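Engineer: Just so it is clear, I am handing over entry-v1.csv, which has CSV, C-alpha atoms.
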```
chain,number,residue,atom,x,y,z
A,1,MET,CA,106.5,107.8,79.9
A,2,SER,CA,106.9,111.1,81.7
A,3,ALA,CA,103.7,110.3,83.6
A,4,PHE,CA,105.7,107.7,85.5
A,5,ARG,CA,108.7,109.9,86.3
A,6,LYS,CA,108.1,111.5,89.7
A,7,LYS,CA,104.9,110.7,91.4
A,8,ASN,CA,105.7,107.3,92.7
A,9,ARG,CA,109.1,108.1,94.0
A,10,ARG,CA,107.8,110.9,96.2
A,11,SER,CA,105.2,108.7,97.7
A,12,ARG,CA,107.7,106.1,98.7
A,13,LYS,CA,109.9,108.6,100.5
A,14,ASP,CA,106.9,110.0,102.4
A,15,ARG,CA,106.3,106.6,104.0
A,16,ARG,CA,109.4,107.0,106.2
A,17,SER,CA,109.2,109.4,109.2
A,18,GLY,CA,111.6,112.3,109.3
A,19,GLU,CA,113.6,110.7,112.1
A,20,GLU,CA,113.7,107.4,110.4
A,21,ARG,CA,114.8,109.0,107.1
A,22,ARG,CA,117.5,111.0,108.9
A,23,LYS,CA,118.9,107.9,110.5
A,24,PHE,CA,118.6,105.8,107.3
A,25,ASP,CA,120.3,108.4,105.1
A,26,ASP,CA,123.0,109.5,107.6
A,27,PRO,CA,126.1,107.3,106.9
A,28,LYS,CA,127.5,108.2,110.3
A,29,PHE,CA,124.5,107.0,112.2
A,30,LYS,CA,124.9,103.9,114.3
A,31,GLY,CA,122.0,102.3,115.9
A,32,PRO,CA,122.0,101.6,119.6
A,33,GLY,CA,124.1,98.6,120.6
A,34,THR,CA,125.6,98.2,117.1
A,35,ASP,CA,129.0,99.9,117.6
A,36,ILE,CA,130.9,97.0,119.0
A,37,ILE,CA,129.6,94.6,116.3
A,38,ARG,CA,130.6,97.0,113.6
A,39,GLU,CA,134.1,97.6,114.9
A,40,GLN,CA,134.7,93.9,115.3
A,41,LYS,CA,133.5,92.9,111.8
A,42,PRO,CA,132.5,95.6,109.4
A,43,MET,CA,129.8,94.3,107.1
A,44,LYS,CA,128.6,95.7,103.8
A,45,ARG,CA,125.0,96.7,104.3
A,46,SER,CA,124.2,96.7,100.6
A,47,ILE,CA,125.1,94.8,97.5
A,48,LYS,CA,124.8,95.8,93.9
A,49,LEU,CA,124.6,93.1,91.3
A,50,THR,CA,124.8,93.5,87.6
A,51,VAL,CA,122.5,91.0,85.8
A,52,SER,CA,122.3,90.0,82.2
A,53,PRO,CA,118.7,89.9,81.0
A,54,SER,CA,118.7,86.1,80.9
A,55,TRP,CA,116.4,83.8,82.7
A,56,ASP,CA,119.4,81.7,83.8
A,57,GLU,CA,120.7,84.6,85.8
A,58,ILE,CA,117.8,84.5,88.2
A,59,GLU,CA,119.1,81.5,90.2
A,60,ARG,CA,122.6,83.0,90.4
A,61,VAL,CA,121.2,86.3,91.8
A,62,ARG,CA,119.0,84.3,94.2
A,63,ASN,CA,122.0,82.5,95.5
A,64,GLU,CA,124.2,85.6,95.9
A,65,SER,CA,121.4,87.5,97.6
A,66,ASP,CA,120.7,84.5,99.9
A,67,GLU,CA,124.3,84.4,100.9
A,68,PHE,CA,124.4,88.2,101.6
A,69,LEU,CA,121.3,88.1,103.7
A,70,ARG,CA,122.3,85.1,105.7
A,71,SER,CA,125.7,86.8,106.4
A,72,HIS,CA,123.7,89.4,108.2
A,73,MET,CA,122.2,86.8,110.4
A,74,LEU,CA,118.7,87.4,109.2
A,75,PRO,CA,116.1,84.7,110.0
A,76,HIS,CA,115.6,82.0,107.4
A,77,ASP,CA,112.0,83.1,106.8
A,78,THR,CA,113.1,86.6,106.2
A,79,VAL,CA,115.8,85.5,103.8
A,80,ASP,CA,113.2,83.3,101.9
A,81,ALA,CA,110.8,86.2,101.6
A,82,LEU,CA,113.4,88.6,100.3
A,83,THR,CA,114.9,86.2,97.8
A,84,MET,CA,111.3,85.6,96.5
A,85,VAL,CA,110.9,89.4,96.2
A,86,ILE,CA,114.2,89.7,94.3
A,87,SER,CA,113.3,86.7,92.0
A,88,GLU,CA,109.9,88.1,91.1
A,89,LEU,CA,111.2,91.5,90.4
A,90,ILE,CA,114.0,90.2,88.2
A,91,GLU,CA,111.6,88.0,86.3
A,92,ASN,CA,109.6,91.1,85.5
A,93,GLY,CA,112.7,92.9,84.5
A,94,VAL,CA,113.7,90.2,82.1
A,95,LYS,CA,110.2,89.9,80.7
A,96,TYR,CA,109.5,93.6,80.2
A,97,GLY,CA,112.8,95.4,80.1
A,98,VAL,CA,114.1,96.7,76.8
A,99,PHE,CA,117.6,95.5,76.2
A,100,LYS,CA,118.8,96.8,72.8
A,101,SER,CA,122.5,96.0,73.1
A,102,PRO,CA,124.6,93.5,75.0
A,103,GLU,CA,125.8,96.3,77.3
A,104,ASN,CA,122.2,96.8,78.5
A,105,LYS,CA,122.0,95.0,81.9
A,106,MET,CA,119.8,95.0,84.9
A,107,ILE,CA,121.0,96.2,88.3
A,108,VAL,CA,119.8,94.7,91.5
A,109,ILE,CA,120.5,96.6,94.7
A,110,LEU,CA,119.8,95.1,98.1
A,111,ASN,CA,120.1,97.4,101.0
A,112,ILE,CA,119.7,96.6,104.7
A,113,GLY,CA,118.7,99.8,106.5
A,114,GLN,CA,118.1,100.4,110.2
A,115,SER,CA,114.5,99.3,110.0
A,116,VAL,CA,113.8,98.4,106.4
A,117,ILE,CA,115.3,96.3,103.7
A,118,THR,CA,115.0,97.7,100.2
A,119,VAL,CA,115.2,95.7,97.0
A,120,GLU,CA,115.6,97.7,93.8
A,121,VAL,CA,115.6,96.3,90.3
A,122,ILE,CA,116.7,98.7,87.6
A,123,ASN,CA,116.4,98.1,83.9
A,124,PRO,CA,116.2,100.1,80.7
A,125,VAL,CA,112.9,100.7,79.0
A,126,ASP,CA,111.7,102.8,76.1
A,127,GLU,CA,108.4,104.1,74.6
A,128,THR,CA,107.4,100.6,73.7
A,129,ALA,CA,107.2,99.8,77.4
A,130,HIS,CA,104.4,102.3,78.0
A,131,TYR,CA,101.7,99.5,78.0
A,132,HIS,CA,103.6,97.5,80.6
A,133,LEU,CA,104.3,100.6,82.7
A,134,THR,CA,100.6,101.5,82.7
A,135,ARG,CA,99.8,97.9,83.9
A,136,LEU,CA,102.5,98.1,86.5
A,137,ASP,CA,101.2,101.4,87.8
A,138,ARG,CA,97.6,100.1,87.9
A,139,ALA,CA,98.7,96.9,89.7
A,140,ILE,CA,100.6,98.8,92.4
A,141,GLN,CA,97.7,101.2,92.9
A,142,TRP,CA,95.3,98.3,93.0
A,143,ILE,CA,97.4,96.5,95.7
A,144,ARG,CA,97.6,99.8,97.7
A,145,GLY,CA,93.9,100.1,97.5
A,146,HIS,CA,93.5,97.1,99.8
A,147,GLN,CA,93.7,97.4,103.5
A,148,ASP,CA,95.5,94.1,103.8
A,149,PRO,CA,97.6,92.7,100.9
A,150,PHE,CA,96.2,89.2,101.9
A,151,GLU,CA,92.8,90.4,100.6
A,152,ALA,CA,94.4,91.5,97.3
A,153,TYR,CA,96.2,88.2,97.0
A,154,ILE,CA,93.0,86.1,97.6
A,155,GLU,CA,91.1,88.2,95.1
A,156,ARG,CA,93.8,87.7,92.5
A,157,LEU,CA,94.0,83.9,93.2
A,158,LYS,CA,90.3,83.6,92.6
A,159,GLU,CA,90.5,85.6,89.3
A,160,VAL,CA,93.6,83.7,87.9
A,161,SER,CA,92.2,80.3,88.8
A,162,LYS,CA,89.3,80.8,86.5
A,163,ARG,CA,91.4,81.7,83.5
A,164,PRO,CA,91.9,79.0,80.8
A,165,LEU,CA,94.5,76.4,81.5
A,166,HIS,CA,96.6,77.4,78.5
A,167,ASP,CA,96.7,81.1,79.6
A,168,GLU,CA,100.3,81.3,80.8
A,169,GLU,CA,100.2,84.8,82.4
A,170,SER,CA,100.5,84.6,86.1
A,171,GLY,CA,99.6,88.1,87.3
A,172,LEU,CA,100.5,87.0,90.8
A,173,GLY,CA,104.0,88.3,91.1
A,174,LEU,CA,103.5,91.8,92.4
A,175,VAL,CA,100.7,90.9,94.8
A,176,ARG,CA,102.7,88.0,96.1
A,177,ILE,CA,105.6,90.5,96.9
A,178,ALA,CA,103.1,92.6,98.8
A,179,TYR,CA,101.5,89.7,100.7
A,180,GLU,CA,104.2,87.1,101.2
A,181,GLY,CA,107.1,89.6,101.2
A,182,GLY,CA,105.3,92.1,103.3
A,183,ALA,CA,106.7,94.8,101.0
A,184,ILE,CA,105.6,98.1,99.7
A,185,LEU,CA,106.1,98.4,96.0
A,186,ASP,CA,106.9,101.5,94.1
A,187,PHE,CA,108.5,102.5,90.8
A,188,PHE,CA,109.6,105.4,88.8
A,189,VAL,CA,111.2,106.0,85.4
A,190,GLY,CA,114.3,108.1,85.3
A,191,GLU,CA,115.1,110.8,82.8
A,192,ASP,CA,117.4,108.3,80.9
A,193,ASN,CA,114.5,105.8,80.5
A,194,ILE,CA,115.7,103.7,83.3
A,195,LEU,CA,112.9,101.9,85.2
A,196,ASN,CA,113.5,101.5,88.9
A,197,VAL,CA,111.1,99.1,90.7
A,198,SER,CA,111.5,98.9,94.5
A,199,ALA,CA,110.1,96.8,97.3
A,200,VAL,CA,110.6,98.0,100.8
A,201,SER,CA,110.1,95.6,103.6
A,202,ASN,CA,109.9,96.6,107.2
A,203,LEU,CA,112.2,94.7,109.5
A,204,GLU,CA,110.0,95.4,112.5
A,205,GLY,CA,106.3,95.2,113.1
A,206,GLU,CA,104.4,94.2,110.0
A,207,PHE,CA,107.1,92.4,108.1
A,208,TRP,CA,106.0,89.0,109.4
A,209,ARG,CA,102.3,88.3,109.6
B,210,MET,CA,105.6,51.3,97.0
B,211,GLY,CA,103.5,51.5,93.9
B,212,LYS,CA,104.3,52.4,90.3
B,213,ALA,CA,106.4,55.6,90.2
B,214,GLU,CA,107.2,58.1,87.4
B,215,VAL,CA,109.5,61.1,87.8
B,216,PHE,CA,109.3,64.2,85.7
B,217,THR,CA,112.0,66.8,85.8
B,218,SER,CA,112.3,70.2,84.3
B,219,ASN,CA,115.5,72.1,85.2
B,220,LEU,CA,115.7,72.2,89.0
B,221,LEU,CA,112.2,70.9,89.6
B,222,ALA,CA,111.2,67.3,90.0
B,223,ILE,CA,107.6,65.9,90.2
B,224,GLU,CA,107.3,62.3,91.2
B,225,VAL,CA,103.9,60.6,90.7
B,226,VAL,CA,103.4,57.4,92.6
B,227,GLU,CA,100.3,55.3,92.2
B,228,ASN,CA,99.3,52.8,94.8
B,229,GLY,CA,96.1,50.9,95.6
B,230,THR,CA,94.1,53.8,96.8
B,231,SER,CA,95.8,57.0,95.7
B,232,PHE,CA,98.2,58.9,93.5
B,233,LYS,CA,100.9,60.8,95.4
B,234,VAL,CA,102.3,63.8,93.5
B,235,LYS,CA,105.6,64.8,95.3
B,236,TRP,CA,107.3,68.1,94.4
B,237,SER,CA,110.9,68.7,95.1
B,238,GLY,CA,113.6,71.3,94.2
B,239,ILE,CA,113.0,74.7,92.8
B,240,SER,CA,110.4,75.8,90.3
B,241,ILE,CA,111.8,78.9,88.5
B,242,GLU,CA,111.1,78.3,84.8
B,243,ARG,CA,109.7,81.2,82.7
B,244,GLU,CA,106.6,79.2,81.8
B,245,PRO,CA,106.4,76.3,84.3
B,246,ALA,CA,102.8,75.6,83.4
B,247,ARG,CA,103.9,74.0,80.1
B,248,PHE,CA,105.6,71.3,82.2
B,249,ILE,CA,103.3,71.2,85.2
B,250,THR,CA,99.8,71.4,83.7
B,251,PRO,CA,100.0,68.2,81.6
B,252,ILE,CA,101.2,66.2,84.6
B,253,LEU,CA,98.4,67.4,86.8
B,254,VAL,CA,95.7,67.1,84.2
B,255,ASP,CA,96.8,63.5,83.6
B,256,VAL,CA,96.8,62.6,87.3
B,257,VAL,CA,93.5,64.2,87.9
B,258,GLY,CA,92.1,62.3,84.9
B,259,LYS,CA,93.5,58.9,86.1
B,260,GLY,CA,92.3,59.7,89.7
B,261,SER,CA,88.9,60.2,88.4
B,262,ASP,CA,88.9,57.1,86.2
B,263,ARG,CA,90.3,54.8,88.9
B,264,ASN,CA,88.5,56.5,91.8
B,265,LYS,CA,91.7,57.2,93.6
B,266,LYS,CA,92.5,60.1,95.9
B,267,ILE,CA,95.2,62.5,94.8
B,268,ILE,CA,97.7,63.8,97.3
B,269,VAL,CA,99.8,66.7,96.1
B,270,ASP,CA,102.8,67.1,98.4
B,271,PHE,CA,104.8,70.3,98.3
B,272,ARG,CA,106.9,69.7,101.5
B,273,LYS,CA,110.2,69.2,99.7
B,274,LEU,CA,109.8,72.1,97.4
B,275,THR,CA,112.4,74.8,98.2
B,276,TYR,CA,111.0,77.6,96.1
B,277,MET,CA,108.5,78.3,93.4
B,278,ASN,CA,107.9,81.4,91.4
B,279,SER,CA,104.4,82.9,91.0
B,280,SER,CA,104.0,81.3,87.6
B,281,THR,CA,104.1,77.9,89.3
B,282,ILE,CA,101.2,78.7,91.5
B,283,THR,CA,99.0,79.4,88.5
B,284,PRO,CA,98.6,75.9,87.1
B,285,VAL,CA,98.0,74.5,90.7
B,286,ILE,CA,95.2,76.9,91.4
B,287,LYS,CA,93.6,76.3,88.0
B,288,ILE,CA,93.5,72.6,88.6
B,289,LEU,CA,92.1,73.1,92.1
B,290,GLU,CA,89.4,75.4,90.8
B,291,ARG,CA,88.4,72.9,88.2
B,292,ALA,CA,88.5,70.0,90.7
B,293,LYS,CA,86.0,71.9,92.9
B,294,ARG,CA,83.4,71.4,90.2
B,295,GLY,CA,84.3,67.7,89.6
B,296,LYS,CA,84.4,64.6,91.8
B,297,ASN,CA,88.1,64.2,92.4
B,298,GLN,CA,89.4,63.9,96.0
B,299,ILE,CA,92.5,66.1,96.2
B,300,LYS,CA,94.6,66.8,99.3
B,301,VAL,CA,97.3,69.4,99.1
B,302,VAL,CA,100.0,69.0,101.7
B,303,TYR,CA,102.6,71.6,102.7
B,304,GLN,CA,105.2,72.2,105.4
B,305,LYS,CA,103.6,74.5,107.9
B,306,SER,CA,106.9,75.3,109.7
B,307,LEU,CA,108.2,77.0,106.5
B,308,LYS,CA,106.8,80.5,106.6
B,309,TRP,CA,106.7,80.9,102.8
B,310,GLN,CA,104.9,77.6,102.4
B,311,ASP,CA,102.4,78.5,105.1
B,312,LEU,CA,101.6,81.8,103.6
B,313,ILE,CA,101.3,80.5,100.0
B,314,PHE,CA,99.4,77.3,100.7
B,315,SER,CA,97.2,78.3,103.5
B,316,ALA,CA,95.8,80.9,101.1
B,317,LEU,CA,94.7,78.1,98.9
B,318,GLU,CA,92.1,77.1,101.5
B,319,ILE,CA,89.7,79.2,99.4
B,320,PHE,CA,89.6,76.1,97.1
B,321,GLN,CA,88.8,73.8,99.9
B,322,THR,CA,85.4,72.2,99.9
B,323,LYS,CA,83.2,71.9,102.9
B,324,ASP,CA,83.2,68.1,102.7
B,325,LYS,CA,87.1,68.2,102.5
B,326,ARG,CA,86.9,66.5,99.1
B,327,ILE,CA,89.4,69.2,98.2
B,328,GLU,CA,91.6,69.7,101.3
B,329,ILE,CA,94.6,72.0,102.0
B,330,LYS,CA,96.7,70.6,104.9
B,331,GLY,CA,99.8,72.1,106.6
B,332,LEU,CA,101.9,69.4,108.4
```
Would you write the structure of this file as structure tokens?
Structural biologist:
Amino acid sequence: MSAFRKKNRRSRKDRRSGEERRKFDDPKFKGPGTDIIREQKPMKRSIKLTVSPSWDEIERVRNESDEFLRSHMLPHDTVDALTMVISELIENGVKYGVFKSPENKMIVILNIGQSVITVEVINPVDETAHYHLTRLDRAIQWIRGHQDPFEAYIERLKEVSKRPLHDEESGLGLVRIAYEGGAILDFFVGEDNILNVSAVSNLEGEFWR
Amino acid sequence: MGKAEVFTSNLLAIEVVENGTSFKVKWSGISIEREPARFITPILVDVVGKGSDRNKKIIVDFRKLTYMNSSTITPVIKILERAKRGKNQIKVVYQKSLKWQDLIFSALEIFQTKDKRIEIKGL
């Protein structure tokens, strides 16, 4: 498990430039032209949702996220993409998280930054999750190994389509997040055996193909 | 209007309409089940079988679908992959103006055949 603790987190931070990071992390920073809007109607730029590890919760979180994103006047297509990212990550959390007591929940954080939107899904794991974490690590590295996530998506479609009809594993979720969601995936395991999987989507440039 | 059957599972509905020349398989709602293939695969296998037996084209229409999880894509691509090797005529229709549908379904053009026996069409 310790193998998953630091390396991925560092690589995610490195993707933001120093200037971008300073702006993003500075709570006093206000982007150009945003002051008047903020004074008129202060809006929360992030939400944190506590989610029971139940499949039925996914639709509730989708609806709440959808409402939050639309309140920020984001385009419909952007909202669709981000709710897909959230859904797919929660599905994985429910499937592979280790919830030993009713108090164990998942946390979903959605943050709208100056130039990126970050989705984080956090859930407990333990040593039994090592196999899943290894697969998660390999899948993310595999996606990153492609110049264009579209190529990875097509490759995975071809592979999955040839599997037996009764084989129920999709294997498309993460690559779909990278392709359709235009997001960079990452993960790390905290000291307290908390898995944090994040998807960072750029609000400019490459977000929409 | 031909003979119609509607299958539902949670928030997803699949309507199968048979007329003189084709089967129309119309999807609507949201597909977010944990194992949607259990619901979807038997419907698609049955339609593909009947289409083959009765020599009718199959039109799979996703335009009214609001969302589908990645596990929903799996049975669809497995059916298309198998249909490539068969004789069925299958046309997949999606709503091109919806970005998510355009991204997901245009990628399925890899299953399209040169003679358009299997066709993926954004409308």
Engineer: I'd like the contact shell of Lys330 (chain B) - 8 Å cut-off, only C-alpha atoms, skipping same-chain residues fewer than 3 positions apart - returned as a PyMOL selection string.
Structural biologist: chain B and resi 300-303+315
Engineer: In terms of the shortest atom-to-atom distance over all atoms listed in the file, which of B:Pro251, B:Gly331, B:Pro245, B:Gly260 is closest to Asn228 (chain B)?
Structural biologist: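 Closest candidate: B:Gly260.
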Engineer: Write down, as a PyMOL selection string, each residue of chain B that has any atom within 9 Å of an atom of chain A, counting all atoms listed in the file.
Structural biologist: chain B and resi 241-247+250+276-291+307-309+312-313+316-317+319-320
Engineer: Quote the spacing between CA of Met43 (chain A) and CA of Pro75 (chain A) in Å to one decimal place.
Structural biologist: 17.0 Å
Engineer: Have a look at CA of Ala199 (chain A) and CA of Leu185 (chain A) and let me know their distance in Å, one decimal.
Structural biologist: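 Result for CA of Ala199 (chain A) versus CA of Leu185 (chain A): 4.5 Å, one decimal.
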Engineer: May I ask for the distance between CA of Lys235 (chain B) and CA of Val269 (chain B), given in Å to one decimal place?
Structural biologist: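 Separation of CA of Lys235 (chain B) and CA of Val269 (chain B): 6.2 Å.
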Engineer: Neighbouring residues of Lys273 (chain B) were defined as those with any atom within 7 Å, considering only C-alpha atoms; residues of the same chain fewer than 6 positions away were excluded. Please report them as JSON, numbers by chain.
Structural biologist: {"B": [236, 237, 238]}
Engineer: With all atoms listed in the file as the basis for distance, which of A:Phe188, A:Ile117, A:Leu136, A:Trp142 is at the shortest distance from Asn202 (chain A)?
Structural biologist: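 Going through A:Phe188, A:Ile117, A:Leu136, A:Trp142 one by one, the smallest distance to Asn202 (chain A) is for A:Ile117.
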Engineer: Could you check which of B:Glu224, B:Asn297, B:Ala292, B:Ser306 is closest to Ile249 (chain B), using all atoms listed in the file?
Structural biologist: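 Checking each candidate against Ile249 (chain B), we get B:Glu224 as the closest.
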Engineer: Name the closest residue to Thr230 (chain B) among the candidates B:Arg272, B:Lys212, B:Lys266, B:Lys325; distances are taken between atoms, counting all atoms listed in the file.
Structural biologist: B:Lys266
Engineer: With 6 Å as the threshold, what does the neighbourhood of (82.8, 72.5, 95.3) contain in terms of residues, counting all atoms listed in the file? Coordinates are those of the file; answer as JSON, numbers by chain.
Structural biologist: {"B": [293, 294, 322]}
